[in-house]
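K.L.:
Provided herewith: model.tsv, TSV, C-alpha atoms.
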chain	number	residue	atom	x	y	z
T	24	MET	CA	-31.04	-13.28	26.25
T	25	SER	CA	-32.82	-16.62	25.87
T	26	ASP	CA	-31.94	-19.66	27.88
T	27	THR	CA	-30.88	-21.46	24.70
T	28	THR	CA	-28.07	-19.04	23.91
T	29	THR	CA	-24.75	-20.87	23.81
T	30	ASN	CA	-21.86	-19.52	25.84
T	31	PRO	CA	-18.64	-20.44	24.00
T	32	TYR	CA	-16.77	-20.46	27.31
T	33	ALA	CA	-19.26	-22.50	29.30
T	34	VAL	CA	-18.59	-25.98	30.57
T	35	PRO	CA	-20.67	-28.67	28.78
T	36	THR	CA	-23.65	-29.69	30.88
T	37	SER	CA	-22.62	-33.33	30.70
T	38	GLN	CA	-19.39	-32.56	32.59
T	39	LEU	CA	-20.57	-30.31	35.38
T	40	GLN	CA	-18.19	-31.77	37.93
T	41	ASP	CA	-15.11	-31.39	35.73
T	42	ALA	CA	-12.86	-28.42	36.40
T	43	PRO	CA	-12.99	-25.83	33.63
T	44	THR	CA	-9.99	-25.82	31.33
T	45	GLY	CA	-7.93	-22.76	30.54
T	46	ALA	CA	-10.11	-22.03	27.51
T	47	GLN	CA	-13.34	-22.13	29.49
T	48	ALA	CA	-14.64	-19.47	31.84
T	49	LEU	CA	-17.69	-19.75	34.02
T	50	SER	CA	-19.70	-16.81	35.23
T	51	VAL	CA	-19.41	-16.38	38.99
T	52	GLU	CA	-23.00	-17.57	39.37
T	53	GLN	CA	-22.29	-20.70	37.33
T	54	ALA	CA	-19.14	-21.43	39.30
T	55	LEU	CA	-20.99	-21.18	42.60
T	56	SER	CA	-23.84	-23.42	41.48
T	57	ARG	CA	-22.02	-26.10	39.47
T	58	GLY	CA	-19.84	-27.51	42.23
T	59	TYR	CA	-16.17	-28.46	41.93
T	60	ASP	CA	-13.70	-30.80	43.57
T	61	PHE	CA	-9.98	-31.49	43.74
T	62	THR	CA	-7.47	-33.55	45.65
T	63	ILE	CA	-4.72	-31.86	47.63
T	64	GLY	CA	-2.05	-34.14	46.21
T	65	GLY	CA	-3.30	-33.72	42.65
T	66	LEU	CA	-3.47	-29.94	42.87
T	67	LEU	CA	0.02	-29.68	44.42
T	68	SER	CA	1.42	-31.99	41.76
T	69	GLU	CA	-0.05	-29.95	38.91
T	70	ALA	CA	1.11	-26.70	40.51
T	71	TRP	CA	4.64	-28.07	40.88
T	72	GLN	CA	4.75	-28.99	37.18
T	73	LEU	CA	3.59	-25.48	36.28
T	74	THR	CA	6.47	-23.82	38.16
T	75	LYS	CA	8.82	-24.83	35.34
T	76	GLY	CA	9.70	-21.73	33.35
T	77	THR	CA	8.10	-19.32	35.82
T	78	LYS	CA	10.70	-19.07	38.60
T	79	GLY	CA	12.62	-16.22	36.97
T	80	ILE	CA	9.51	-14.06	36.49
T	81	ILE	CA	8.15	-14.69	39.99
T	82	ILE	CA	11.41	-14.42	41.96
T	83	GLY	CA	12.45	-11.38	39.91
T	84	GLY	CA	9.13	-9.73	40.75
T	85	PHE	CA	9.60	-10.51	44.41
T	86	LEU	CA	13.06	-8.95	44.44
T	87	ILE	CA	11.81	-5.75	42.79
T	88	PHE	CA	8.90	-5.62	45.23
T	89	TYR	CA	11.24	-6.10	48.20
T	90	VAL	CA	13.58	-3.35	46.99
T	91	ALA	CA	10.62	-1.00	46.39
T	92	ILE	CA	9.39	-1.53	49.96
T	93	LEU	CA	12.88	-0.94	51.35
T	94	VAL	CA	13.33	2.25	49.34
T	95	ALA	CA	9.89	3.57	50.32
T	96	SER	CA	10.53	2.80	53.99
T	97	PHE	CA	13.97	4.41	53.78
T	98	VAL	CA	12.58	7.59	52.20
T	99	VAL	CA	9.75	7.89	54.73
T	100	GLY	CA	12.14	7.14	57.60
T	101	GLY	CA	14.64	9.70	56.33
T	102	VAL	CA	12.04	12.45	56.01
T	103	LEU	CA	10.66	11.72	59.45
T	104	GLY	CA	14.19	11.58	60.84
T	105	ILE	CA	14.81	15.10	59.63
T	106	PHE	CA	11.61	16.33	61.29
T	107	SER	CA	12.40	14.44	64.49
T	108	MET	CA	15.60	16.48	64.84
T	109	PHE	CA	13.39	19.44	65.55
T	110	SER	CA	10.63	17.67	67.43
T	111	ASP	CA	10.26	14.73	69.81
T	112	SER	CA	6.54	14.50	69.22
T	113	LEU	CA	4.97	11.08	69.74
T	114	ALA	CA	2.38	12.04	67.14
T	115	LEU	CA	5.14	12.33	64.52
T	116	ILE	CA	6.31	8.80	65.26
T	117	ILE	CA	2.76	7.46	64.99
T	118	ILE	CA	2.21	9.32	61.72
T	119	GLY	CA	5.45	7.87	60.39
T	120	GLN	CA	4.43	4.32	61.20
T	121	LEU	CA	1.00	4.92	59.67
T	122	LEU	CA	2.50	6.33	56.46
T	123	THR	CA	4.87	3.37	56.17
T	124	THR	CA	1.96	0.94	56.59
T	125	ILE	CA	-0.16	2.77	53.99
T	126	ILE	CA	2.69	2.84	51.46
T	127	ALA	CA	3.47	-0.84	52.03
T	128	SER	CA	-0.20	-1.77	51.56
T	129	ALA	CA	-0.56	0.42	48.46
T	130	VAL	CA	2.33	-1.47	46.86
T	131	SER	CA	1.64	-4.93	48.31
T	132	TYR	CA	-1.93	-5.62	47.20
T	133	PRO	CA	-1.58	-4.71	43.49
T	134	PHE	CA	1.67	-6.70	43.51
T	135	PHE	CA	-0.03	-9.71	45.11
T	136	ALA	CA	-2.85	-9.40	42.57
T	137	GLY	CA	-0.37	-9.38	39.69
T	138	LEU	CA	1.56	-12.30	41.10
T	139	THR	CA	-1.64	-14.31	41.50
T	140	MET	CA	-2.62	-13.47	37.94
T	141	VAL	CA	0.67	-14.95	36.73
T	142	GLY	CA	-0.33	-18.20	38.44
T	143	ILE	CA	-3.85	-18.04	37.03
T	144	ARG	CA	-2.71	-17.40	33.47
T	145	ARG	CA	-0.10	-20.15	33.72
T	146	ALA	CA	-2.73	-22.57	35.06
T	147	ALA	CA	-5.02	-21.66	32.14
T	148	GLY	CA	-2.29	-22.16	29.54
T	149	GLN	CA	-2.25	-18.46	28.68
T	150	PRO	CA	0.89	-16.39	27.95
T	151	ILE	CA	2.58	-14.91	31.01
T	152	SER	CA	4.94	-11.96	31.23
T	153	PHE	CA	6.91	-10.06	33.83
T	154	ASN	CA	4.71	-6.99	33.20
T	155	GLU	CA	1.68	-8.90	34.55
T	156	ILE	CA	3.09	-8.68	38.07
T	157	PHE	CA	3.02	-4.88	38.03
T	158	GLY	CA	0.05	-4.42	35.72
T	159	HIS	CA	-2.77	-4.04	38.25
T	160	PHE	CA	-2.03	-0.80	40.07
T	161	GLY	CA	-5.06	0.64	38.28
T	162	SER	CA	-7.16	-1.49	40.63
T	163	LEU	CA	-5.47	-0.03	43.71
T	164	VAL	CA	-8.61	1.50	45.25
T	165	PRO	CA	-10.87	-1.59	45.15
T	166	LEU	CA	-7.95	-3.78	46.24
T	167	LEU	CA	-7.26	-1.60	49.27
T	168	ILE	CA	-10.97	-1.44	50.15
T	169	ALA	CA	-11.16	-5.24	49.97
T	170	ALA	CA	-8.01	-5.55	52.07
T	171	VAL	CA	-9.39	-3.27	54.79
T	172	LEU	CA	-12.78	-5.03	54.83
T	173	MET	CA	-11.19	-8.48	55.00
T	174	MET	CA	-8.79	-7.42	57.72
T	175	LEU	CA	-11.57	-5.92	59.85
T	176	LEU	CA	-13.86	-8.94	59.49
T	177	ILE	CA	-11.07	-11.46	60.11
T	178	TYR	CA	-9.83	-9.57	63.18
T	179	LEU	CA	-13.39	-9.30	64.47
T	180	GLY	CA	-13.83	-13.03	64.00
T	181	MET	CA	-10.57	-13.71	65.84
T	182	ILE	CA	-11.60	-11.51	68.75
T	183	LEU	CA	-15.04	-13.07	69.08
T	184	LEU	CA	-14.45	-16.81	68.97
T	185	LEU	CA	-11.23	-17.32	66.93
T	186	ILE	CA	-12.86	-19.94	64.69
T	187	PRO	CA	-14.88	-17.38	62.62
T	188	GLY	CA	-11.65	-15.49	62.01
T	189	ILE	CA	-9.85	-18.61	60.76
T	190	TYR	CA	-12.85	-19.48	58.59
T	191	LEU	CA	-12.87	-16.04	56.94
T	192	ALA	CA	-9.08	-15.93	56.49
T	193	VAL	CA	-9.32	-19.07	54.34
T	194	ALA	CA	-12.65	-18.21	52.71
T	195	TYR	CA	-11.40	-14.86	51.37
T	196	MET	CA	-8.29	-16.34	49.69
T	197	LEU	CA	-9.57	-15.73	46.15
T	198	ALA	CA	-11.13	-12.29	46.66
T	199	ILE	CA	-8.13	-10.36	45.30
T	200	PRO	CA	-7.90	-12.21	41.95
T	201	LEU	CA	-11.69	-11.98	41.53
T	202	ILE	CA	-11.38	-8.19	41.64
T	203	VAL	CA	-8.73	-7.99	38.90
T	204	GLU	CA	-9.73	-11.00	36.75
T	205	ARG	CA	-13.51	-10.58	36.88
T	206	GLY	CA	-13.83	-6.90	37.76
T	207	LEU	CA	-15.99	-7.55	40.82
T	208	SER	CA	-16.50	-4.97	43.54
T	209	PRO	CA	-14.67	-5.65	46.83
T	210	TRP	CA	-17.76	-7.01	48.58
T	211	GLN	CA	-18.86	-9.07	45.57
T	212	ALA	CA	-15.38	-10.59	45.32
T	213	MET	CA	-15.26	-11.37	49.02
T	214	GLU	CA	-18.67	-13.05	48.96
T	215	ALA	CA	-17.93	-15.00	45.77
T	216	SER	CA	-14.68	-16.26	47.25
T	217	ARG	CA	-16.32	-17.14	50.55
T	218	LYS	CA	-19.22	-19.02	48.98
T	219	ALA	CA	-16.96	-20.94	46.60
T	220	ILE	CA	-14.33	-21.98	49.14
T	221	THR	CA	-16.98	-22.87	51.75
T	222	GLN	CA	-18.02	-25.77	49.49
T	223	HIS	CA	-14.69	-27.46	50.30
T	224	TRP	CA	-13.41	-25.28	53.15
T	225	PHE	CA	-11.61	-28.02	55.08
T	226	LYS	CA	-9.87	-29.26	51.93
T	227	VAL	CA	-8.72	-25.72	51.03
T	228	PHE	CA	-7.60	-25.20	54.63
T	229	GLY	CA	-5.63	-28.45	54.52
T	230	LEU	CA	-4.08	-27.45	51.19
T	231	PHE	CA	-2.75	-24.14	52.47
T	232	LEU	CA	-1.76	-25.60	55.84
T	233	LEU	CA	0.42	-28.14	54.04
T	234	LEU	CA	1.70	-25.51	51.64
T	235	GLY	CA	2.56	-23.19	54.53
T	236	LEU	CA	4.52	-26.00	56.17
T	237	ILE	CA	6.40	-26.67	52.94
T	238	VAL	CA	7.26	-22.98	52.50
T	239	SER	CA	8.36	-22.67	56.15
T	240	ILE	CA	10.68	-25.68	55.91
T	241	SER	CA	12.11	-24.43	52.62
T	242	ALA	CA	13.08	-21.14	54.29
T	243	ILE	CA	15.26	-22.85	56.92
T	244	PRO	CA	18.46	-23.28	54.86
T	245	LEU	CA	19.13	-19.53	54.38
T	246	GLY	CA	15.88	-19.17	52.44
T	247	ILE	CA	17.34	-20.91	49.39
T	248	GLY	CA	14.37	-23.25	49.11
T	249	LEU	CA	12.05	-20.28	48.62
T	250	ILE	CA	13.29	-20.10	45.04
T	251	TRP	CA	11.12	-23.17	44.44
T	252	THR	CA	8.35	-22.82	47.01
T	253	ILE	CA	7.32	-19.22	46.31
T	254	PRO	CA	6.54	-20.09	42.68
T	255	LEU	CA	4.76	-23.21	43.97
T	256	PHE	CA	2.53	-21.05	46.17
T	257	VAL	CA	1.71	-18.79	43.21
T	258	MET	CA	0.84	-21.78	41.01
T	259	VAL	CA	-1.34	-23.33	43.74
T	260	MET	CA	-3.36	-20.12	43.84
T	261	GLY	CA	-3.68	-20.19	40.06
T	262	VAL	CA	-4.75	-23.82	39.80
T	263	LEU	CA	-7.27	-23.47	42.64
T	264	TYR	CA	-8.78	-20.36	41.04
T	265	ARG	CA	-9.00	-22.01	37.62
T	266	THR	CA	-10.53	-25.15	39.13
T	267	ILE	CA	-13.36	-23.13	40.67
T	268	PHE	CA	-14.01	-20.27	38.25
T	269	GLY	CA	-12.17	-20.99	35.03
T	270	VAL	CA	-10.24	-18.13	33.40
T	271	LEU	CA	-11.45	-15.48	30.97
T	272	PRO	CA	-9.67	-15.30	27.60
T	273	VAL	CA	-6.86	-12.78	27.38
T	274	ALA	CA	-8.10	-9.46	25.98
T	275	ARG	CA	-6.62	-8.68	22.58
Would it be possible to restate this file's structure as structure tokens?

P.N.:
Amino acid sequence: MSDTTTNPYAVPTSQLQDAPTGAQALSVEQALSRGYDFTIGGLLSEAWQLTKGTKGIIIGGFLIFYVAILVASFVVGGVLGIFSMFSDSLALIIIGQLLTTIIASAVSYPFFAGLTMVGIRRAAGQPISFNEIFGHFGSLVPLLIAAVLMMLLIYLGMILLLIPGIYLAVAYMLAIPLIVERGLSPWQAMEASRKAITQHWFKVFGLFLLLGLIVSISAIPLGIGLIWTIPLFVMVMGVLYRTIFGVLPVAR
């Protein structure tokens, strides 16, 4: 393809520092080379405005997810309880805990991916639906691989000097949506997320530090405030992703 070919989703060269709109999508390489910027207050304000009309979808998804985890844990616990009546093996207890963790992870990461995609589509002005939250279980394998790799590297960083672990925990924030929205491999998604966020790592860290404080405070009065702050978290993820990478058009 020649260099003069026009990409209908590319950002005009005269506005390289402007965030891509919902109708524009950069390639990962373009996103990493073009640069981007945002203000914490501006991003939070936009995300808050975008929560309107999304609370029912997001909170409803969370409730279904929570019930699914409880049911899965109950079933695994019940089966292991039956076996434990005939055996006091420590190995059985360990296996039970391992199975519960695997099941929780297998459900959690596709769910988190779907929830993040709701925020991304909302930030891009695209249609959103409840089905989006549970529509990415087909990406279970790469999502789990990415989760394991990120966990290992972050834990290793924590053990070594702590600071590398904190750096990676923030830098990998967008790896999951890059897998489902762009179809990247786990390592490609992790590296793309790390390189992009590193450009403004302290600002992204400050954003999620403030957001974490807001969510924590909202949970104090019986968790009622989470009805507003959980959707806010989802929208922050969506706006940040769109600001850096843009969003591909919805497949028809």

K.L.:
Pick out the closest residue to Ser128 (chain T) from this set: T:Leu201, T:Ser152, T:Phe157, T:Val164. Count all atoms listed in the file.

P.N.:
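Residue with the minimum atom-to-atom distance to Ser128 (chain T): T:Val164.
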
K.L.:
CA of Ser241 (chain T) to CA of Ala91 (chain T): how many Å, to one decimal?

P.N.:
24.3 Å

K.L.:
What's the separation between CA of Val257 (chain T) and CA of Tyr132 (chain T), in Å to one decimal place?

P.N.:
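Computing the Euclidean distance for CA of Val257 (chain T) and CA of Tyr132 (chain T) yields 14.2 Å.
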
K.L.:
Could you check which of T:Met140, T:Ile82, T:Leu121, T:Ile186 is closest to Gly248 (chain T), using only C-alpha atoms?

P.N.:
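Checking each candidate against Gly248 (chain T), we get T:Ile82 as the closest.
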
K.L.:
Quick one: pull the distance between CA of Tyr195 (chain T) and CA of Ile177 (chain T), Å, one decimal.

P.N.:
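Between CA of Tyr195 (chain T) and CA of Ile177 (chain T) the gap works out to 9.4 Å.
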